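The next block holds one structure in the form of structure tokens; read it before the comments.
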Amino acid sequence: MRCLVTGGAGFIGSHAVKRLLDDGHDVLAIDDLSRGHAEAIELLRPRAGGRLAFERCSIQDGDRLGEAVRAFAPDAVLHFAALAYVGESVQIPGRYFAVNVSGMLNVMHACHGVERFVFSSSCATYGQPPDEMIPIPETCPQAPLSPYGRTKLVGEWMLRDCARAQALAGEAVGVAMLRYFNVAGADRSGVLGEDHEPETHLIPLAIDAALGRRDALTIFGSDYPTPDGACVRDYVHVEDLIDAHVAALDALRPGRVLAYNVGSGRGHSVREVVETVGDVVGTPVPTIEGARREGDPPRLFADPSKIERELGWKARSPGLREIVGDAVAWRKAHPNGYSQS
Ligand SMILES: NC(=O)c1ccc[n+]([C@@H]2O[C@H](COP(=O)([O-])OP(=O)(O)OC[C@H]3O[C@@H](n4cnc5c(N)ncnc54)[C@H](O)[C@@H]3O)[C@@H](O)[C@H]2O)c1
């Protein structure tokens with residue numbers, strides 16, 4: 001297949017590019033490198049045998065995007081490009097809507113007629129689910145609490161509405177919306193990892209704090225109604241997440257509209273993650289107790305049974321320790337992230 005990967009130089013997108021190349025596909029990765037790394041793409045070239053093209057282009061530039069997509073003529077698109085920080089989205093919502101909604105509309109327009117479209121949605125579209133909806137099924141009402149979550153929900157609506165209209169016009173396409181939970185870990189072969197600037201994700205922050213490369217880690221809130229008072233989240237290994245994309249691509253047929261949670265189904269508290277990082281690194285993570293953050297739901301973890309039942313996908317990773325282990329291995333081997341690869 002010929003696969004277009006937007007955001008292909010980012011954390012998850014680069015792992016997708018690697019997997020698609022390893023599976024024998026041709027890939028065009030598009031990224032404006034605002035948060036991604038050209039080095040990640042370069043590291044993948046040796047395994048590509050000429051099947052990897054990269055275009056530095058913003059999805060906000062509809063004309064250039066359209067030209068690149070027409071020239072490549074993809075069979076499938078995996079749309080990862082987005083701004084992805086909840087806190088930042090509260091400060092600059094307009095920018096989030098511009099990239100995540102208008103930019104996505106450009107991608108959809110450029111890819112009109114492409115038969116398979118896989119979209120990175122998020123558990124942030126659920127907001128704060130009621131207690132009886134945890135673990136969270138796909139039928140949980142989507143009521144996002146942040147501009148970021150709202151941009152992802154609008155993305156889902158755009159895809160559904162356009163897929164329906166195209167089917168009515170006799171041009172049916174297949175679309176899949178994958179609602180990721182907390183994606184973590186690193187490529188098991190050690191080539192790719194997670195390197196964000198600024199970093200906001202718990203596992204890389206905790207690792208760098210344990211390695212003495214950052215100040216103490218703040219634990220936001222110790223009085224949540226959870227067993228140890230800290231927030232509980234669902235961590236999914238990035239390679240398992242990419243397996244879910246491959247399963248969705250295989251399942252997509254014209255006229256199919258799929259929506260799945262992609263999580264491990266296991267909830268881990270922030271303290272549990274911090275302890276696991278300390279154990280794996282061999283040095284405890286220095287921590288500071290902080291106040292709750294507004295809009296942080298106490299417990300979020302997936303009911304992933306729908307994707308298991310329908311696509312046969314299940315997180316392969318045995319658990320948090322392995323996810324942390326792969327992330328630690330990459331951080332130790334790349335003390336300055338990609339800039340020292
Ligand atoms: N990481 C998670 O836990 C998580 C959870 C839920 C959903 N998601 C979604 O998964 C996708 C990938 O997330 P990630 O963690 O790899 O983030 P990331 O920031 O590492 O990757 C996003 C990529 O998109 C690129 N990009 C941003 N704006 C662009 C633009 N205007 N034009 C072209 N490229 C642009 C960035 O340079 C970056 O390489 C995002 O859509 C995100 O919302 C991530």
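Letters A, B, ... go to the chains of the structure tokens in the order shown; residues in each chain start at 1; ligands are counted from 1 in the same order.
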Surrounding residues as an mmCIF file with N, CA and C atoms, in the first residue's frame, ligand 1, max 6 Å, only C-alpha atoms and all ligand atoms:
```
data_model
loop_
_atom_site.group_PDB
_atom_site.id
_atom_site.type_symbol
_atom_site.label_atom_id
_atom_site.label_comp_id
_atom_site.auth_asym_id
_atom_site.auth_seq_id
_atom_site.Cartn_x
_atom_site.Cartn_y
_atom_site.Cartn_z
ATOM 1 N N GLY A 7 2.232 14.148 10.367
ATOM 2 C CA GLY A 7 2.857 14.120 11.699
ATOM 3 C C GLY A 7 3.843 12.970 11.815
ATOM 4 N N ALA A 9 6.980 12.777 11.696
ATOM 5 C CA ALA A 9 8.245 12.974 12.417
ATOM 6 C C ALA A 9 8.011 13.083 13.921
ATOM 7 N N GLY A 10 6.743 12.943 14.339
ATOM 8 C CA GLY A 10 6.417 13.038 15.765
ATOM 9 C C GLY A 10 6.604 11.700 16.468
ATOM 10 N N PHE A 11 6.284 11.688 17.759
ATOM 11 C CA PHE A 11 6.484 10.486 18.580
ATOM 12 C C PHE A 11 5.734 9.284 17.981
ATOM 13 N N ILE A 12 4.414 9.389 17.913
ATOM 14 C CA ILE A 12 3.628 8.235 17.467
ATOM 15 C C ILE A 12 3.757 8.056 15.948
ATOM 16 N N GLY A 13 3.714 9.190 15.210
ATOM 17 C CA GLY A 13 3.795 9.108 13.746
ATOM 18 C C GLY A 13 5.064 8.412 13.272
ATOM 19 N N ASP A 31 5.312 16.559 7.697
ATOM 20 C CA ASP A 31 5.414 17.146 9.043
ATOM 21 C C ASP A 31 6.012 18.533 8.889
ATOM 22 N N ASP A 32 5.548 19.489 9.689
ATOM 23 C CA ASP A 32 6.162 20.822 9.610
ATOM 24 C C ASP A 32 7.333 20.943 10.584
ATOM 25 N N LEU A 33 7.614 19.872 11.313
ATOM 26 C CA LEU A 33 8.730 19.800 12.269
ATOM 27 C C LEU A 33 8.581 20.812 13.413
ATOM 28 N N SER A 34 7.360 21.302 13.634
ATOM 29 C CA SER A 34 7.174 22.223 14.764
ATOM 30 C C SER A 34 7.417 21.486 16.079
ATOM 31 N N ARG A 35 7.057 20.207 16.113
ATOM 32 C CA ARG A 35 7.274 19.416 17.344
ATOM 33 C C ARG A 35 7.885 18.057 17.024
ATOM 34 N N GLY A 36 8.144 17.807 15.766
ATOM 35 C CA GLY A 36 8.710 16.515 15.380
ATOM 36 C C GLY A 36 10.199 16.650 15.099
ATOM 37 N N CYS A 57 6.126 20.194 5.434
ATOM 38 C CA CYS A 57 4.979 20.976 4.972
ATOM 39 C C CYS A 57 3.962 21.054 6.096
ATOM 40 N N SER A 58 3.342 22.219 6.253
ATOM 41 C CA SER A 58 2.292 22.340 7.259
ATOM 42 C C SER A 58 0.969 21.868 6.666
ATOM 43 N N ILE A 59 0.175 21.202 7.489
ATOM 44 C CA ILE A 59 -1.163 20.820 7.017
ATOM 45 C C ILE A 59 -2.049 22.060 6.899
ATOM 46 N N GLN A 60 -1.547 23.201 7.349
ATOM 47 C CA GLN A 60 -2.306 24.440 7.165
ATOM 48 C C GLN A 60 -2.107 25.023 5.771
ATOM 49 N N PHE A 80 -1.853 11.884 12.014
ATOM 50 C CA PHE A 80 -1.376 12.127 13.375
ATOM 51 C C PHE A 80 -1.103 13.609 13.645
ATOM 52 N N ALA A 81 -0.843 14.395 12.597
ATOM 53 C CA ALA A 81 -0.373 15.775 12.804
ATOM 54 C C ALA A 81 -1.395 16.558 13.627
ATOM 55 N N ALA A 82 -0.934 17.160 14.695
ATOM 56 C CA ALA A 82 -1.815 17.942 15.560
ATOM 57 C C ALA A 82 -0.974 18.619 16.622
ATOM 58 N N LEU A 83 -1.584 19.598 17.278
ATOM 59 C CA LEU A 83 -1.037 20.105 18.537
ATOM 60 C C LEU A 83 -1.732 19.287 19.622
ATOM 61 N N ALA A 84 -0.962 18.861 20.629
ATOM 62 C CA ALA A 84 -1.501 17.799 21.484
ATOM 63 C C ALA A 84 -1.327 18.020 22.985
ATOM 64 N N VAL A 99 -4.939 24.340 13.689
ATOM 65 C CA VAL A 99 -4.161 23.172 13.240
ATOM 66 C C VAL A 99 -5.016 21.910 13.251
ATOM 67 N N SER A 120 -6.155 9.990 14.592
ATOM 68 C CA SER A 120 -5.738 9.958 15.997
ATOM 69 C C SER A 120 -6.717 10.763 16.815
ATOM 70 N N SER A 121 -7.694 10.096 17.414
ATOM 71 C CA SER A 121 -8.556 10.799 18.359
ATOM 72 C C SER A 121 -8.019 10.542 19.768
ATOM 73 N N SER A 122 -8.800 10.861 20.752
ATOM 74 C CA SER A 122 -8.229 10.853 22.102
ATOM 75 C C SER A 122 -9.289 10.554 23.152
ATOM 76 N N TYR A 180 -7.013 7.220 21.582
ATOM 77 C CA TYR A 180 -5.886 6.732 22.369
ATOM 78 C C TYR A 180 -6.036 7.161 23.821
ATOM 79 N N PHE A 181 -5.532 6.297 24.711
ATOM 80 C CA PHE A 181 -5.354 6.683 26.106
ATOM 81 C C PHE A 181 -3.904 7.194 26.227
ATOM 82 N N ASN A 182 -3.180 6.978 27.309
ATOM 83 C CA ASN A 182 -1.849 7.609 27.441
ATOM 84 C C ASN A 182 -0.796 6.759 26.734
ATOM 85 N N VAL A 183 -0.258 7.293 25.679
ATOM 86 C CA VAL A 183 0.686 6.529 24.858
ATOM 87 C C VAL A 183 2.088 6.733 25.428
#
```
- Task: Enumerate as a list in words all residues of region 146-274 of chain A assigned to strand (DSSP E) by DSSP on the backbone, naming them with the chain letters and numbers the document uses.
- Result: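 Secondary structure check on region 146-274 of chain A, strand (DSSP E): Gly174, Val175, Ala176, Met177, Leu178, Arg179, Tyr180, Asn182, Val183, Ala184, Leu217, Thr218, Ile219, Phe220, Val232, Arg233, Tyr235, Val236, His237, Val257, Leu258, Ala259, Tyr260, Asn261, Val262, His268 and Ser269 of chain A.
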- Query: Excluding same-chain residues fewer than 3 positions from Ile207 (chain A), what lies within 7 Å of it counting only C-alpha atoms, as a PyMOL selection string?
  - Reply: chain A and resi 203-204+210-211+277+328
- Message: If we count only C-alpha atoms and set the cut-off at 8 Å, which residues sit around Asp243 (chain A), ignoring sequence neighbours fewer than 4 positions away in its own chain? Please answer as a VMD selection string.
- Response: chain A and resid 239 247 313
For the residues selected in the previous step, produce a file with C-alpha atoms as a compact mmCIF listing (two decimals), in the first residue's frame.
```txt
# COMPACT_ATOMS: atom_id res chain seq x y z
CA GLU A 239 4.07 -0.24 19.45
CA ALA A 247 -5.58 -3.77 12.41
CA TRP A 313 -6.49 -6.20 18.91
```
- Message: Quick one: residues within 12 Å of Gly185 (chain A), only C-alpha atoms, excluding same-chain residues fewer than 5 positions away - as a ChimeraX atom specification?
- Response: /A:11-12,15,190,192-195,201-204,207,235-241,277,317,319-331
Can you write just those residues out, C-alpha atoms, as a PDB file, in the first residue's frame?
```pdb
ATOM      1  CA  PHE A  11       6.484  10.486  18.580  1.00  0.00           C
ATOM      2  CA  ILE A  12       3.628   8.235  17.467  1.00  0.00           C
ATOM      3  CA  HIS A  15       6.682   4.707  15.092  1.00  0.00           C
ATOM      4  CA  GLY A 190      15.769   1.070  20.263  1.00  0.00           C
ATOM      5  CA  LEU A 192      12.897   5.605  18.036  1.00  0.00           C
ATOM      6  CA  GLY A 193      11.663   7.125  21.264  1.00  0.00           C
ATOM      7  CA  GLU A 194       9.719   9.981  22.821  1.00  0.00           C
ATOM      8  CA  ASP A 195      11.339  13.417  22.697  1.00  0.00           C
ATOM      9  CA  HIS A 201       4.011  13.388  29.626  1.00  0.00           C
ATOM     10  CA  LEU A 202       4.461  11.715  32.990  1.00  0.00           C
ATOM     11  CA  ILE A 203       6.794   8.834  32.099  1.00  0.00           C
ATOM     12  CA  PRO A 204       9.515  10.826  30.273  1.00  0.00           C
ATOM     13  CA  ILE A 207      12.599   9.283  33.966  1.00  0.00           C
ATOM     14  CA  TYR A 235      -0.851   3.578  29.622  1.00  0.00           C
ATOM     15  CA  VAL A 236      -0.567   1.908  26.229  1.00  0.00           C
ATOM     16  CA  HIS A 237       2.744   0.940  24.620  1.00  0.00           C
ATOM     17  CA  VAL A 238       3.348   2.947  21.444  1.00  0.00           C
ATOM     18  CA  GLU A 239       4.069  -0.235  19.453  1.00  0.00           C
ATOM     19  CA  ASP A 240       0.789  -1.787  20.638  1.00  0.00           C
ATOM     20  CA  LEU A 241      -0.968   1.401  19.557  1.00  0.00           C
ATOM     21  CA  VAL A 277      10.217   4.464  37.020  1.00  0.00           C
ATOM     22  CA  SER A 317       2.789  -5.425  26.311  1.00  0.00           C
ATOM     23  CA  GLY A 319       2.329  -4.149  31.630  1.00  0.00           C
ATOM     24  CA  LEU A 320       3.569  -0.863  32.944  1.00  0.00           C
ATOM     25  CA  ARG A 321       7.058  -2.155  33.807  1.00  0.00           C
ATOM     26  CA  GLU A 322       7.806  -3.112  30.214  1.00  0.00           C
ATOM     27  CA  ILE A 323       6.458   0.213  28.889  1.00  0.00           C
ATOM     28  CA  VAL A 324       8.650   2.098  31.368  1.00  0.00           C
ATOM     29  CA  GLY A 325      11.608  -0.214  30.626  1.00  0.00           C
ATOM     30  CA  ASP A 326      11.536   0.596  26.898  1.00  0.00           C
ATOM     31  CA  ALA A 327      11.196   4.328  27.593  1.00  0.00           C
ATOM     32  CA  VAL A 328      14.098   4.250  30.084  1.00  0.00           C
ATOM     33  CA  ALA A 329      16.321   2.316  27.661  1.00  0.00           C
ATOM     34  CA  TRP A 330      15.772   4.943  24.951  1.00  0.00           C
ATOM     35  CA  ARG A 331      16.252   7.923  27.296  1.00  0.00           C
TER      36      ARG A 331
END
```
Hey, what does DSSP flag as alpha helix (DSSP H) within region 225-327 of chain A? Can you give it to me as a JSON list (two decimals) with C-alpha atoms, in the first residue's frame?
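Dumped to out05.json:
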```
[["chain", "number", "residue", "atom", "x", "y", "z"],
["A", 238, "VAL", "CA", 3.35, 2.95, 21.44],
["A", 239, "GLU", "CA", 4.07, -0.24, 19.45],
["A", 240, "ASP", "CA", 0.79, -1.79, 20.64],
["A", 241, "LEU", "CA", -0.97, 1.40, 19.56],
["A", 242, "ILE", "CA", 0.57, 1.06, 16.10],
["A", 243, "ASP", "CA", -0.65, -2.57, 15.96],
["A", 244, "ALA", "CA", -4.16, -1.13, 16.42],
["A", 245, "HIS", "CA", -3.62, 1.15, 13.41],
["A", 246, "VAL", "CA", -2.51, -1.79, 11.29],
["A", 247, "ALA", "CA", -5.58, -3.77, 12.41],
["A", 248, "ALA", "CA", -7.83, -0.79, 11.55],
["A", 249, "LEU", "CA", -6.22, -0.40, 8.11],
["A", 250, "ASP", "CA", -6.83, -4.10, 7.43],
["A", 251, "ALA", "CA", -10.46, -3.84, 8.55],
["A", 270, "VAL", "CA", 0.67, 8.54, 39.13],
["A", 271, "ARG", "CA", 2.43, 7.23, 42.28],
["A", 272, "GLU", "CA", 2.56, 3.71, 40.88],
["A", 273, "VAL", "CA", 4.14, 5.05, 37.68],
["A", 274, "VAL", "CA", 6.65, 7.10, 39.67],
["A", 275, "GLU", "CA", 7.61, 4.05, 41.77],
["A", 276, "THR", "CA", 7.97, 1.88, 38.69],
["A", 277, "VAL", "CA", 10.22, 4.46, 37.02],
["A", 278, "GLY", "CA", 12.35, 4.66, 40.18],
["A", 279, "ASP", "CA", 12.67, 0.84, 40.27],
["A", 280, "VAL", "CA", 13.60, 0.55, 36.61],
["A", 281, "VAL", "CA", 16.08, 3.45, 36.65],
["A", 305, "SER", "CA", -13.20, -4.94, 24.63],
["A", 306, "LYS", "CA", -14.79, -3.57, 21.43],
["A", 307, "ILE", "CA", -11.55, -3.42, 19.47],
["A", 308, "GLU", "CA", -10.57, -6.84, 20.80],
["A", 309, "ARG", "CA", -13.90, -8.35, 19.78],
["A", 310, "GLU", "CA", -14.12, -6.70, 16.36],
["A", 311, "LEU", "CA", -10.48, -6.40, 15.23],
["A", 320, "LEU", "CA", 3.57, -0.86, 32.94],
["A", 321, "ARG", "CA", 7.06, -2.16, 33.81],
["A", 322, "GLU", "CA", 7.81, -3.11, 30.21],
["A", 323, "ILE", "CA", 6.46, 0.21, 28.89],
["A", 324, "VAL", "CA", 8.65, 2.10, 31.37],
["A", 325, "GLY", "CA", 11.61, -0.21, 30.63],
["A", 326, "ASP", "CA", 11.54, 0.60, 26.90],
["A", 327, "ALA", "CA", 11.20, 4.33, 27.59]]
```
- For Pro130 (chain A), the nearest of the candidates A:Thr287, A:Ala143, A:Cys3, A:Val90, counting only C-alpha atoms: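 Distance minimum relative to Pro130 (chain A) lands on A:Ala143.
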- Shortest interatomic distance to Gly170 (chain A) - which of A:Thr200, A:Pro254, A:Arg19, A:Val5, counting only C-alpha atoms: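 That would be A:Pro254, the residue with the smallest distance to Gly170 (chain A).
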- Query: Which residues, written as a list of chain:residue names, have at least one atom at most 10 Å from Gly290 (chain A), with only C-alpha atoms counted and residues fewer than 3 positions away on the same chain left out?
  - Reply: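 Answer for this query is A:Leu217, A:Thr218, A:Ile219, A:Phe220, A:Gly221, A:Ser222, A:Thr287, A:Arg293.
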Selection export as a PDB file, in the first residue's frame, atoms kept: C-alpha atoms:
```
ATOM      1  CA  LEU A 217       8.489  15.827  39.498  1.00  0.00           C
ATOM      2  CA  THR A 218       5.314  17.475  40.758  1.00  0.00           C
ATOM      3  CA  ILE A 219       2.468  15.109  41.637  1.00  0.00           C
ATOM      4  CA  PHE A 220      -0.674  17.117  41.058  1.00  0.00           C
ATOM      5  CA  GLY A 221      -3.226  16.219  43.725  1.00  0.00           C
ATOM      6  CA  SER A 222      -3.048  13.687  46.552  1.00  0.00           C
ATOM      7  CA  THR A 287       8.809  14.344  43.805  1.00  0.00           C
ATOM      8  CA  ARG A 293      -4.869  20.643  38.299  1.00  0.00           C
TER       9      ARG A 293
END
```
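Picture a line from CA of Asn100 (chain A) to CA of Gly255 (chain A); it runs 24.2 Å.
Using only C-alpha atoms, the shortest contact distance between Ala29 (chain A) and any of A:Val77, A:Ile136, A:Val101, A:Leu43 is found at A:Val77.
Here CA of Gly24 (chain A) and CA of Leu258 (chain A) stand 24.6 Å from one another.
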- Message: Under the rule that only C-alpha atoms are counted, which of A:Glu199, A:Glu42, A:Glu156, A:Asp223 is the nearest residue to Met104 (chain A)?
- Response: A:Glu156
- Restricting to only C-alpha atoms, whichever of A:Pro284, A:Gly174, A:Pro198, A:Pro144 is closest to Gly212 (chain A) is A:Pro284
- Shortest contact to Glu115 (chain A), candidates A:Cys140, A:Leu4, A:Val86, A:Val17, atoms counted only C-alpha atoms, goes to A:Leu4
- Item | Between CA of Arg179 (chain A) and CA of His109 (chain A) - distance in Å to one decimal | 22.2 Å
